[in-house]
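Student: Pasting upload28.pdb below, which is PDB, C-alpha atoms.
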ATOM      1  CA  MET H 665      35.144   1.351  -0.234
ATOM      2  CA  ALA H 666      32.256   3.625   0.728
ATOM      3  CA  GLU H 667      31.655   4.359   4.393
ATOM      4  CA  ILE H 668      28.921   5.980   6.453
ATOM      5  CA  LYS H 669      30.810   8.919   7.959
ATOM      6  CA  ASP H 670      28.196  10.833   9.973
ATOM      7  CA  THR H 671      24.505  11.488  10.625
ATOM      8  CA  GLY H 672      22.553  14.520  11.739
ATOM      9  CA  LYS H 673      19.940  17.039  10.691
ATOM     10  CA  VAL H 674      20.023  19.300   7.648
ATOM     11  CA  TRP H 675      18.068  22.435   6.924
ATOM     12  CA  ILE H 676      16.828  22.235   3.342
ATOM     13  CA  LYS H 677      16.388  25.525   1.531
ATOM     14  CA  GLY H 678      12.684  26.382   1.283
ATOM     15  CA  ARG H 679      11.537  23.950   3.999
ATOM     16  CA  VAL H 680      10.211  24.897   7.438
ATOM     17  CA  SER H 681      11.796  22.054   9.417
ATOM     18  CA  THR H 682      14.989  20.026   9.506
ATOM     19  CA  ALA H 683      15.428  16.548   8.056
ATOM     20  CA  PHE H 684      17.520  13.569   9.145
ATOM     21  CA  ALA H 685      20.520  13.002   6.871
ATOM     22  CA  ILE H 686      23.264  10.438   6.385
ATOM     23  CA  LYS H 687      26.715  11.346   5.116
ATOM     24  CA  VAL H 688      28.358   8.642   3.023
ATOM     25  CA  ASP H 689      31.906   9.617   2.153
ATOM     26  CA  ASP H 690      31.468  13.212   0.895
ATOM     27  CA  THR H 691      27.789  12.971  -0.124
ATOM     28  CA  VAL H 692      24.831  13.774   2.134
ATOM     29  CA  PHE H 693      21.619  11.773   1.629
ATOM     30  CA  VAL H 694      18.190  12.703   3.026
ATOM     31  CA  PRO H 695      16.328   9.393   3.390
ATOM     32  CA  GLY H 696      12.906  10.968   3.890
ATOM     33  CA  GLN H 697      12.231   9.770   7.427
ATOM     34  CA  GLU H 698       8.951  11.153   8.767
ATOM     35  CA  GLU H 699       7.708  11.419  12.333
ATOM     36  CA  GLY H 700       6.752   8.021  13.743
ATOM     37  CA  GLN H 701       8.988   6.061  11.379
ATOM     38  CA  ASN H 702      11.769   3.829  12.624
ATOM     39  CA  ILE H 703      14.807   3.839  10.354
ATOM     40  CA  GLU H 704      17.561   1.376   9.611
ATOM     41  CA  TYR H 705      20.238   1.990   6.990
ATOM     42  CA  TRP H 706      23.317   0.287   5.592
ATOM     43  CA  LEU H 707      25.548   0.201   2.518
ATOM     44  CA  GLU H 708      25.170  -2.630   0.036
ATOM     45  CA  ASP H 709      26.049  -3.142  -3.638
ATOM     46  CA  GLY H 710      27.032   0.497  -4.279
ATOM     47  CA  ALA H 711      23.935   1.963  -2.633
ATOM     48  CA  LEU H 712      22.640   3.382   0.619
ATOM     49  CA  CYS H 713      19.765   1.127   1.645
ATOM     50  CA  ILE H 714      16.996   2.609   3.789
ATOM     51  CA  ASP H 715      14.216   0.826   5.689
ATOM     52  CA  LEU H 716      11.497   3.187   6.998
ATOM     53  CA  HIS H 717       8.905   1.463   9.180
ATOM     54  CA  ASP H 718       5.805   2.911  10.842
ATOM     55  CA  PRO H 719       4.023   0.056  12.630
ATOM     56  CA  LYS H 720       1.156   2.274  13.824
ATOM     57  CA  LYS H 721       0.319   3.309  10.248
ATOM     58  CA  GLU H 722       1.121  -0.196   8.937
ATOM     59  CA  THR H 723       3.542   1.227   6.399
ATOM     60  CA  ARG H 724       7.020   0.124   5.406
ATOM     61  CA  ILE H 725       9.213   1.719   2.748
ATOM     62  CA  ALA H 726      12.475   0.470   1.223
ATOM     63  CA  ARG H 727      14.567   3.110  -0.553
ATOM     64  CA  ARG H 728      17.751   2.543  -2.528
ATOM     65  CA  PHE H 729      20.055   5.522  -3.080
ATOM     66  CA  PRO H 730      22.833   4.675  -5.573
ATOM     67  CA  LEU H 731      26.030   6.193  -4.212
ATOM     68  CA  ASN H 732      26.880   7.779  -7.568
ATOM     69  CA  LEU H 733      23.860  10.130  -7.541
ATOM     70  CA  LYS H 734      24.784  13.787  -7.842
ATOM     71  CA  PRO H 735      23.423  16.012  -5.027
ATOM     72  CA  GLU H 736      21.213  18.812  -6.390
ATOM     73  CA  THR H 737      19.252  20.332  -3.470
ATOM     74  CA  MET H 738      20.787  23.133  -1.382
ATOM     75  CA  ALA H 739      20.929  22.520   2.374
ATOM     76  CA  SER H 740      22.902  23.420   5.481
ATOM     77  CA  LEU H 741      24.216  20.945   8.001
ATOM     78  CA  PHE H 742      22.178  21.854  11.076
ATOM     79  CA  ASN H 743      22.876  19.734  14.160
ATOM     80  CA  GLY H 744      23.799  16.256  15.307
ATOM     81  CA  PHE H 745      26.789  15.866  12.992
ATOM     82  CA  THR H 746      29.779  15.047  15.181
ATOM     83  CA  ARG H 747      32.488  14.411  12.583
ATOM     84  CA  THR H 748      31.506  17.041  10.019
ATOM     85  CA  LYS H 749      31.907  20.796  10.294
ATOM     86  CA  HIS H 750      28.840  22.969   9.770
ATOM     87  CA  CYS H 751      28.597  24.039   6.131
ATOM     88  CA  ASP H 752      26.278  24.731   3.235
ATOM     89  CA  THR H 753      26.125  21.779   0.873
ATOM     90  CA  LYS H 754      23.987  19.997  -1.692
ATOM     91  CA  VAL H 755      22.092  16.839  -0.732
ATOM     92  CA  VAL H 756      20.468  13.884  -2.462
ATOM     93  CA  MET H 757      16.706  13.782  -1.806
ATOM     94  CA  PRO H 758      14.389  10.738  -1.865
ATOM     95  CA  THR H 759      12.513  12.325  -4.793
ATOM     96  CA  ASP H 760      15.628  12.648  -6.987
ATOM     97  CA  ASP H 761      15.920  10.719 -10.244
ATOM     98  CA  GLY H 762      17.659   7.404  -9.674
ATOM     99  CA  VAL H 763      16.333   6.780  -6.166
ATOM    100  CA  GLN H 764      14.339   3.553  -6.163
ATOM    101  CA  GLU H 765      11.490   2.811  -3.789
ATOM    102  CA  ALA H 766       9.153  -0.017  -2.875
ATOM    103  CA  SER H 767       6.509   0.103  -0.168
ATOM    104  CA  VAL H 768       3.789  -1.906   1.501
ATOM    105  CA  GLN H 769       0.895  -0.584   3.530
ATOM    106  CA  GLY H 770      -2.483  -1.542   4.895
ATOM    107  CA  GLU H 771      -3.702  -4.927   3.739
ATOM    108  CA  ALA H 772      -0.467  -5.740   1.873
ATOM    109  CA  TYR H 773       1.489  -4.903   5.049
ATOM    110  CA  ARG H 774      -0.664  -7.294   7.087
ATOM    111  CA  GLN H 775      -0.701 -10.075   4.449
ATOM    112  CA  SER H 776       3.097 -10.026   4.023
ATOM    113  CA  LYS H 777       3.656  -9.769   7.784
ATOM    114  CA  ALA H 778       5.995  -6.848   7.011
ATOM    115  CA  GLY H 779       5.767  -5.616  10.592
ATOM    116  CA  ALA H 780       7.439  -8.753  11.932
ATOM    117  CA  LEU H 781      10.371  -8.783   9.502
ATOM    118  CA  ASP H 782      13.825  -7.485  10.319
ATOM    119  CA  ALA H 783      15.109  -4.759   7.967
ATOM    120  CA  ARG H 784      17.241  -6.970   5.734
ATOM    121  CA  THR H 785      14.577  -9.654   5.359
ATOM    122  CA  PHE H 786      12.043  -6.971   4.417
ATOM    123  CA  TRP H 787      14.532  -5.658   1.866
ATOM    124  CA  GLN H 788      15.030  -9.089   0.327
ATOM    125  CA  SER H 789      11.288  -9.411  -0.171
ATOM    126  CA  ALA H 790      10.322  -5.862  -1.147
ATOM    127  CA  ALA H 791      13.263  -3.667  -2.103
ATOM    128  CA  PRO H 792      13.813  -2.346  -5.591
ATOM    129  CA  ARG H 793      16.847  -3.727  -7.414
TER     130      ARG H 793
END
Produce structure tokens that represent the structure in this file.

Tutor:
Amino acid sequence: MAEIKDTGKVWIKGRVSTAFAIKVDDTVFVPGQEEGQNIEYWLEDGALCIDLHDPKKETRIARRFPLNLKPETMASLFNGFTRTKHCDTKVVMPTDDGVQEASVQGEAYRQSKAGALDARTFWQSAAPR
């Protein structure tokens, strides 16, 4: 059974800043969290489920990372990882083929009351399957 093993920051080759990452078993996933976004994540039905919520910008994003995706992007574990030794590795990015996404923003965010929903309820209503 898959397990979230660690979290921290990775330095992605060619980028100027670090990115939050989640290690599930031996694979590192970069969920695409941006400044100002709250994040919740869990494992469900063979996937890493991500809820990114920015109430100030009235934006909410659900991302589904199937656990069988092959990491392609070079990165280095940077800091924050407590159970994983520093190393160079490949990571799965939110733009990789196979990652599914659904989002609401602006008027749709207000109409659906997305800001008031807990992460799993938002997922049930908006997430890609």

Student: At what distance in Å, to one decimal, does atom CA of Glu722 of chain H lie from atom CA of Gly770 of chain H?

Tutor: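 Atom-to-atom, atom CA of Gly770 of chain H to atom CA of Glu722 of chain H, that is 5.6 Å.
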
Student: At what distance in Å, to one decimal, does atom CA of Ile725 of chain H lie from atom CA of Asp760 of chain H?

Tutor: 16.0 Å

Student: Rank H:Gly779, H:Pro758, H:Pro735, H:Pro719 by their smallest atom-to-atom distance to Val694 of chain H, using only C-alpha atoms, and report the top residue only.

Tutor: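 Using only C-alpha atoms, the shortest distance to Val694 of chain H belongs to H:Pro758.
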
Student: Which residues would end up in the selection if the PyMOL selection byres ((chain H and resi 671) around 6) were applied here, given that I need the answer as a ChimeraX atom specification?

Tutor: /H:670,672,685-687,745

Student: Can you spell out as a ChimeraX atom specification the set of residues that the PyMOL selection byres ((chain H and resi 784) around 10) selects in the structure I just provided?

Tutor: /H:704-706,713-715,726,781-783,785-791

Student: Build an axis-aligned box that encloses every atom of segment 673-683 of chain H listed in the file, pad it by 6 Å on each side, and report its centre and edge lengths in Å to one decimal, as lines of an AutoDock Vina configuration file.

Tutor:
center_x = 15.1
center_y = 21.5
center_z = 6.0
size_x = 21.8
size_y = 21.8
size_z = 21.4

Student: Using the chain letters and residue numbers of this document, give as a list of chain:residue names the residues selected by the PyMOL selection byres ((chain H and resi 668) around 6).

Tutor: H:Glu667, H:Lys669, H:Lys687, H:Val688

Student: Got a sec to check which residues sit within 9 Å of (16.7, 7.2, -6.4), counting all atoms listed in the file, and write them as a PDB file with C-alpha atoms, in the frame of the given file?

Tutor:
ATOM      1  CA  ARG H 727      14.567   3.110  -0.553  1.00  0.00           C
ATOM      2  CA  ARG H 728      17.751   2.543  -2.528  1.00  0.00           C
ATOM      3  CA  PHE H 729      20.055   5.522  -3.080  1.00  0.00           C
ATOM      4  CA  PRO H 730      22.833   4.675  -5.573  1.00  0.00           C
ATOM      5  CA  LEU H 733      23.860  10.130  -7.541  1.00  0.00           C
ATOM      6  CA  VAL H 756      20.468  13.884  -2.462  1.00  0.00           C
ATOM      7  CA  MET H 757      16.706  13.782  -1.806  1.00  0.00           C
ATOM      8  CA  PRO H 758      14.389  10.738  -1.865  1.00  0.00           C
ATOM      9  CA  THR H 759      12.513  12.325  -4.793  1.00  0.00           C
ATOM     10  CA  ASP H 760      15.628  12.648  -6.987  1.00  0.00           C
ATOM     11  CA  ASP H 761      15.920  10.719 -10.244  1.00  0.00           C
ATOM     12  CA  GLY H 762      17.659   7.404  -9.674  1.00  0.00           C
ATOM     13  CA  VAL H 763      16.333   6.780  -6.166  1.00  0.00           C
ATOM     14  CA  GLN H 764      14.339   3.553  -6.163  1.00  0.00           C
ATOM     15  CA  GLU H 765      11.490   2.811  -3.789  1.00  0.00           C
TER      16      GLU H 765
END

Student: Hey, can you check how far atom CA of Val692 of chain H sits from atom CA of Val680 of chain H?

Tutor: 19.1 Å

Student: Out of H:Phe684, H:Asp689, H:Val768, H:Ala666, which residue has the shortest atom-to-atom distance to Gly710 of chain H when counting all atoms listed in the file?

Tutor: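 Between H:Phe684, H:Asp689, H:Val768, H:Ala666, the residue approaching Gly710 of chain H most closely is H:Ala666.
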
Student: Could you give me, as an NGL selection string, the residues that have an atom at most 9 Å away from the point (15.9, 23.1, 10.4) in the coordinates of the file, using all atoms listed in the file?

Tutor: :H and (673-676 or 679-683 or 740-743)

Student: Please determine, counting only C-alpha atoms, which residue among H:Gln697, H:Thr723, H:Asn702, H:Thr691 has the shortest atom-to-atom distance to Glu771 of chain H.

Tutor: H:Thr723

Student: Which residue, H:Gly744, H:Ala739, H:Arg724, H:Lys749, has the smallest gap to Gln769 of chain H when you use only C-alpha atoms?

Tutor: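 Of H:Gly744, H:Ala739, H:Arg724, H:Lys749, the one nearest Gln769 of chain H is H:Arg724, counting only C-alpha atoms.
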